[in-house]
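Trainee: Please read through the structure below; I'll follow up with questions.
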Amino acid sequence: MRENTKILVEVIGIISLFLIGIFGLAWLTINVLLPESGEEERDSTIIINKNDDWAILAANTSWCYGSGNISDPYIIENITIDIKKDWANCMDIRNSNVLFIIRNCRFLQTSCCYPDNCLCGIRYGIKLENVSNGIFINNTFFFHDKGIRAENCSFMIFSSNYFIQSYYGIILYDCFNNSIMENYFNNKIEGVLRGFGYGVYEVSGCFNNTFSSNQIFFAGLYISKYSIYMNLSNLVYGKPLYIYRDTQNLIPENFTDAGYVILENCTNVSIQNITIQHTYKGIYLDNCINVSISNCSVYWNVGTDILNSKNITIKDTEFSHGGLQFSNSSYSNFFHNNLYSTGIYLSESDENTISFNLLNYTYWGVYLEEGSDYNLIVNNTIFYENTCFLISSDCIGNQCINNTCTQI
């Protein structure tokens, strides 16, 4: 267990690169396998509150060893932590800047599991606060609300980890100079889907984080603006994740075989003939102008978001089990689309046209609220369960003309 394996040598090399300011990690190669059961099992939280706690842990356990420097980092490995009670994390690390590696471990919360189903708790696999110079490699996280929660953390590597049925795989607050690479996020296992969560959720205050060569299934991605570097090596449901910021004149070839599309502050964009399925969001637009989406299929998500945008055209596209949501968006056209088991929602959105669409098996057809004014809803066919049109009292000047509404 204490031998300096090839993996350990590579990881120490990466730490050295970090410390001299080189943030290029693409060459790291790790055999991505689910760790086998750890050599030791625990049902209580491991707590590290300061640097000195690492030495105490290493002196008193067989699964932690090292001295916290480049040639001999602290290593925790080959343990399984299964928390049997609510409100407890598997591991808490705070106020630490010594070099450490956590590898080949399992973090579980099976207390929330019942026959044929698992309902994740609200705790974390690992909670990090004010931590730097750590590596998490080839670990598995099961049944957590958040697999890893990091706050005010830097120079960390999260590589080749598995996040299974965790609503948030990794969530970052005020973090910088971290790498998230070659991880696997899957919010569905053995037929049980715990809602559409996030593989990685990055909150404002983060910068210079790298996200590469990850795979995301039945989950999505949220990042704050301009704070994370990505490339096409990331896969969502086996297909590339495309994210463009401050970009003009994008054509369909810029979205080849897309698994997920995020556009921020883009103009003059054409997206055609793509299929997006089993993501948190279908297509995500924020602060965009003159975007055309046509002949696409968007299935099984919580909706396609059009935020703070103008002159968006969506036509000849199918939406199933995940609708269309306009927020603070105007002068857009949504026509000749088919929607199944979903509706159209407008919030603070004005002067849009919704026409010649077919909405099948929707609870409500078109829902306007929060001052959505002067929208035209015309020549749509809607098969609804509860309400064909739901327009709140703070909306004015909207017209519903020549629509066919049938309650089912």
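Chain labels run A, B, ... following the order of the structure tokens; each chain numbers its residues from 1, and ligands are numbered from 1 in the order shown.
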Against stretch 392-408 of chain A, which residues of stretch 288-382 of chain A fall within 6 Å? For each one I want the closest pair of atoms and the distance in Å (one decimal), counting only C-alpha atoms, rows by chain and increasing residue number, as CSV.
Mentor:
```
residue,atom,partner,partner_atom,distance
A:Glu369,CA,A:Ser392,CA,5.0
A:Gly371,CA,A:Cys395,CA,4.5
A:Ser372,CA,A:Cys395,CA,5.2
A:Asp373,CA,A:Ile396,CA,4.9
A:Tyr374,CA,A:Asn398,CA,4.4
A:Asn375,CA,A:Asn398,CA,4.8
A:Leu376,CA,A:Gln399,CA,5.0
A:Ile377,CA,A:Cys400,CA,4.7
A:Val378,CA,A:Ile401,CA,4.7
A:Asn379,CA,A:Asn403,CA,4.6
A:Asn380,CA,A:Asn403,CA,4.8
A:Thr381,CA,A:Thr404,CA,4.7
A:Ile382,CA,A:Cys405,CA,4.9
```
Trainee: Could you save the residues just selected, with N, CA and C atoms, as a PDB file, in the first residue's frame?
Mentor:
```
ATOM      1  N   GLU A 369     -46.313  35.135 -17.206  1.00  0.00           N
ATOM      2  CA  GLU A 369     -46.374  35.796 -15.910  1.00  0.00           C
ATOM      3  C   GLU A 369     -45.262  36.837 -15.792  1.00  0.00           C
ATOM      4  N   GLY A 371     -45.178  40.167 -15.844  1.00  0.00           N
ATOM      5  CA  GLY A 371     -45.101  41.281 -16.784  1.00  0.00           C
ATOM      6  C   GLY A 371     -44.666  40.900 -18.177  1.00  0.00           C
ATOM      7  N   SER A 372     -45.105  39.760 -18.659  1.00  0.00           N
ATOM      8  CA  SER A 372     -44.858  39.400 -20.066  1.00  0.00           C
ATOM      9  C   SER A 372     -45.967  40.033 -20.904  1.00  0.00           C
ATOM     10  N   ASP A 373     -45.611  41.010 -21.728  1.00  0.00           N
ATOM     11  CA  ASP A 373     -46.601  41.855 -22.387  1.00  0.00           C
ATOM     12  C   ASP A 373     -46.509  41.777 -23.911  1.00  0.00           C
ATOM     13  N   TYR A 374     -47.671  42.006 -24.550  1.00  0.00           N
ATOM     14  CA  TYR A 374     -47.778  42.175 -26.001  1.00  0.00           C
ATOM     15  C   TYR A 374     -47.199  41.000 -26.783  1.00  0.00           C
ATOM     16  N   ASN A 375     -47.439  39.813 -26.288  1.00  0.00           N
ATOM     17  CA  ASN A 375     -47.066  38.603 -27.019  1.00  0.00           C
ATOM     18  C   ASN A 375     -48.250  38.128 -27.864  1.00  0.00           C
ATOM     19  N   LEU A 376     -47.949  37.552 -29.014  1.00  0.00           N
ATOM     20  CA  LEU A 376     -48.975  37.043 -29.929  1.00  0.00           C
ATOM     21  C   LEU A 376     -48.933  35.524 -29.923  1.00  0.00           C
ATOM     22  N   ILE A 377     -50.064  34.909 -29.554  1.00  0.00           N
ATOM     23  CA  ILE A 377     -50.182  33.448 -29.524  1.00  0.00           C
ATOM     24  C   ILE A 377     -51.283  33.088 -30.517  1.00  0.00           C
ATOM     25  N   VAL A 378     -50.907  32.503 -31.646  1.00  0.00           N
ATOM     26  CA  VAL A 378     -51.856  32.383 -32.743  1.00  0.00           C
ATOM     27  C   VAL A 378     -51.707  31.046 -33.464  1.00  0.00           C
ATOM     28  N   ASN A 379     -52.855  30.453 -33.821  1.00  0.00           N
ATOM     29  CA  ASN A 379     -52.906  29.256 -34.667  1.00  0.00           C
ATOM     30  C   ASN A 379     -52.135  28.064 -34.080  1.00  0.00           C
ATOM     31  N   ASN A 380     -52.193  27.907 -32.779  1.00  0.00           N
ATOM     32  CA  ASN A 380     -51.585  26.744 -32.138  1.00  0.00           C
ATOM     33  C   ASN A 380     -52.656  25.693 -31.834  1.00  0.00           C
ATOM     34  N   THR A 381     -52.252  24.448 -31.808  1.00  0.00           N
ATOM     35  CA  THR A 381     -53.130  23.348 -31.414  1.00  0.00           C
ATOM     36  C   THR A 381     -52.608  22.767 -30.114  1.00  0.00           C
ATOM     37  N   ILE A 382     -53.479  22.784 -29.090  1.00  0.00           N
ATOM     38  CA  ILE A 382     -53.018  22.429 -27.747  1.00  0.00           C
ATOM     39  C   ILE A 382     -53.956  21.385 -27.138  1.00  0.00           C
TER      40      ILE A 382
END
```
Trainee: Name the residues in contact with A:Leu368 at a cut-off of 7 Å, using only C-alpha atoms, excluding same-chain residues fewer than 3 positions from it; report them as a list in words.
Mentor: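 Those residues are Tyr345, Leu346, Ser347, Ser372, Leu390, Ile391 and Ser392 of chain A.
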Trainee: What does the file look like for those residues with N, CA and C atoms, as an mmCIF file, in the first residue's frame?
Mentor:
```cif
data_model
loop_
_atom_site.group_PDB
_atom_site.id
_atom_site.type_symbol
_atom_site.label_atom_id
_atom_site.label_comp_id
_atom_site.auth_asym_id
_atom_site.auth_seq_id
_atom_site.Cartn_x
_atom_site.Cartn_y
_atom_site.Cartn_z
ATOM 1 N N TYR A 345 -43.335 28.563 -21.449
ATOM 2 C CA TYR A 345 -43.390 29.471 -20.309
ATOM 3 C C TYR A 345 -42.661 30.769 -20.638
ATOM 4 N N LEU A 346 -43.319 31.914 -20.357
ATOM 5 C CA LEU A 346 -42.717 33.228 -20.565
ATOM 6 C C LEU A 346 -42.746 34.015 -19.254
ATOM 7 N N SER A 347 -41.619 34.596 -18.906
ATOM 8 C CA SER A 347 -41.503 35.443 -17.729
ATOM 9 C C SER A 347 -40.766 36.721 -18.120
ATOM 10 N N SER A 372 -45.105 39.760 -18.659
ATOM 11 C CA SER A 372 -44.858 39.400 -20.066
ATOM 12 C C SER A 372 -45.967 40.033 -20.904
ATOM 13 N N LEU A 390 -52.533 30.189 -19.452
ATOM 14 C CA LEU A 390 -52.499 30.720 -18.088
ATOM 15 C C LEU A 390 -51.720 32.033 -18.145
ATOM 16 N N ILE A 391 -52.431 33.138 -17.982
ATOM 17 C CA ILE A 391 -51.830 34.469 -18.111
ATOM 18 C C ILE A 391 -52.086 35.228 -16.814
ATOM 19 N N SER A 392 -51.051 35.603 -16.120
ATOM 20 C CA SER A 392 -51.215 36.269 -14.838
ATOM 21 C C SER A 392 -51.687 37.704 -15.026
#
```
Trainee: Of the residues A:Ile314, A:Asp92, A:Phe100, A:Ile274, which is the one nearest to A:Ala58, using only C-alpha atoms?
Mentor: A:Phe100
Trainee: Name the closest residue to A:Ile276 among the candidates A:Ile306, A:Leu339, A:Leu250, A:Leu241; distances are taken between atoms, counting only C-alpha atoms.
Mentor: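 Using only C-alpha atoms, A:Ile276 sits closest to A:Leu241.
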Trainee: Using atom CA of A:Cys90 and atom CA of A:Asn78 as the two end points, give the distance in Å to one decimal.
Mentor: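 Those two atoms sit 14.2 Å apart.
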Trainee: Which of these, A:Asn301, A:Ile93, A:Ile262, A:Asn295, has the shortest distance to A:Gln277 once you count only C-alpha atoms?
Mentor: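 Selected residue with least distance to A:Gln277: A:Asn301.
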Trainee: Neighbouring residues of stretch 40-46 of chain A were defined as those with any atom within 6 Å, considering only C-alpha atoms; residues of the same chain fewer than 2 positions away were excluded. Please report them as a PyMOL selection string.
Mentor: chain A and resi 38+79-83+89-91
Trainee: Using only C-alpha atoms, find the one residue out of A:Ile102, A:Gly343, A:Tyr168, A:Asn273 that sits nearest to A:Arg123.
Mentor: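 For A:Arg123, the nearest of the candidates is A:Tyr168.
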Trainee: I need the residues of stretch 225-383 of chain A that end up classed as strand (DSSP E) by DSSP on the backbone, written out as a ChimeraX atom specification.
Mentor: /A:228-230,235-236,239-245,248-250,260-264,267-272,275-277,283-286,289-294,297-299,304-307,310-315,318-320,324-327,333-335,338-340,344-347,353-355,358-369,376-378,381-383
Trainee: Given the choices A:Asn208, A:Asn51, A:Thr247, A:Asn214, which gets closest to A:Leu263 if the distance is worked out from only C-alpha atoms?
Mentor: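 Of A:Asn208, A:Asn51, A:Thr247, A:Asn214, the one nearest A:Leu263, counting only C-alpha atoms, is A:Thr247.
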Trainee: Excluding A:Tyr184 and residues on its chain fewer than 3 positions from it, collect all residues at most 7 Å away from it, counting only C-alpha atoms, and give them as a ChimeraX atom specification.
Mentor: /A:161-163,214-216
Trainee: Could those residues be written to a file, using N, CA and C atoms, as a PDB file, in the first residue's frame?
Mentor:
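The new file out26.pdb reads:
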```
ATOM      1  N   ASN A 161     -12.857  10.336 -11.087  1.00  0.00           N
ATOM      2  CA  ASN A 161     -13.807   9.974 -10.044  1.00  0.00           C
ATOM      3  C   ASN A 161     -15.165   9.649 -10.650  1.00  0.00           C
ATOM      4  N   TYR A 162     -15.930   8.842  -9.950  1.00  0.00           N
ATOM      5  CA  TYR A 162     -17.275   8.475 -10.364  1.00  0.00           C
ATOM      6  C   TYR A 162     -18.277   9.082  -9.381  1.00  0.00           C
ATOM      7  N   PHE A 163     -19.305   9.739  -9.949  1.00  0.00           N
ATOM      8  CA  PHE A 163     -20.379  10.318  -9.136  1.00  0.00           C
ATOM      9  C   PHE A 163     -21.684   9.667  -9.594  1.00  0.00           C
ATOM     10  N   ASN A 214     -14.482  15.043 -19.340  1.00  0.00           N
ATOM     11  CA  ASN A 214     -15.456  14.465 -18.431  1.00  0.00           C
ATOM     12  C   ASN A 214     -16.621  13.882 -19.221  1.00  0.00           C
ATOM     13  N   GLN A 215     -17.339  12.948 -18.602  1.00  0.00           N
ATOM     14  CA  GLN A 215     -18.527  12.359 -19.213  1.00  0.00           C
ATOM     15  C   GLN A 215     -19.713  12.569 -18.283  1.00  0.00           C
ATOM     16  N   ILE A 216     -20.823  13.059 -18.857  1.00  0.00           N
ATOM     17  CA  ILE A 216     -22.009  13.379 -18.073  1.00  0.00           C
ATOM     18  C   ILE A 216     -23.204  12.653 -18.670  1.00  0.00           C
TER      19      ILE A 216
END
```
Trainee: Mind checking which residues fall within 7 Å of A:Gly303, counting only C-alpha atoms, ignoring those fewer than 6 positions away in the same chain, and posting them as a list in words?
Mentor: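 Returned residues: Lys281, Gly282, Gly322, Gly323, Leu324 and Gln325 of chain A.
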Trainee: For A:Asn265, which residue among A:Phe334, A:Tyr363, A:Tyr284, A:Tyr340 is the nearest when counting only C-alpha atoms?
Mentor: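 Checking each of A:Phe334, A:Tyr363, A:Tyr284, A:Tyr340 against A:Asn265, counting only C-alpha atoms, the winner is A:Tyr284.
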Trainee: What is the atom CA of A:Met156-atom CA of A:Lys239 distance in Å, reported with one decimal?
Mentor: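 If I compute the distance from atom CA of A:Met156 to atom CA of A:Lys239, I get 26.5 Å.
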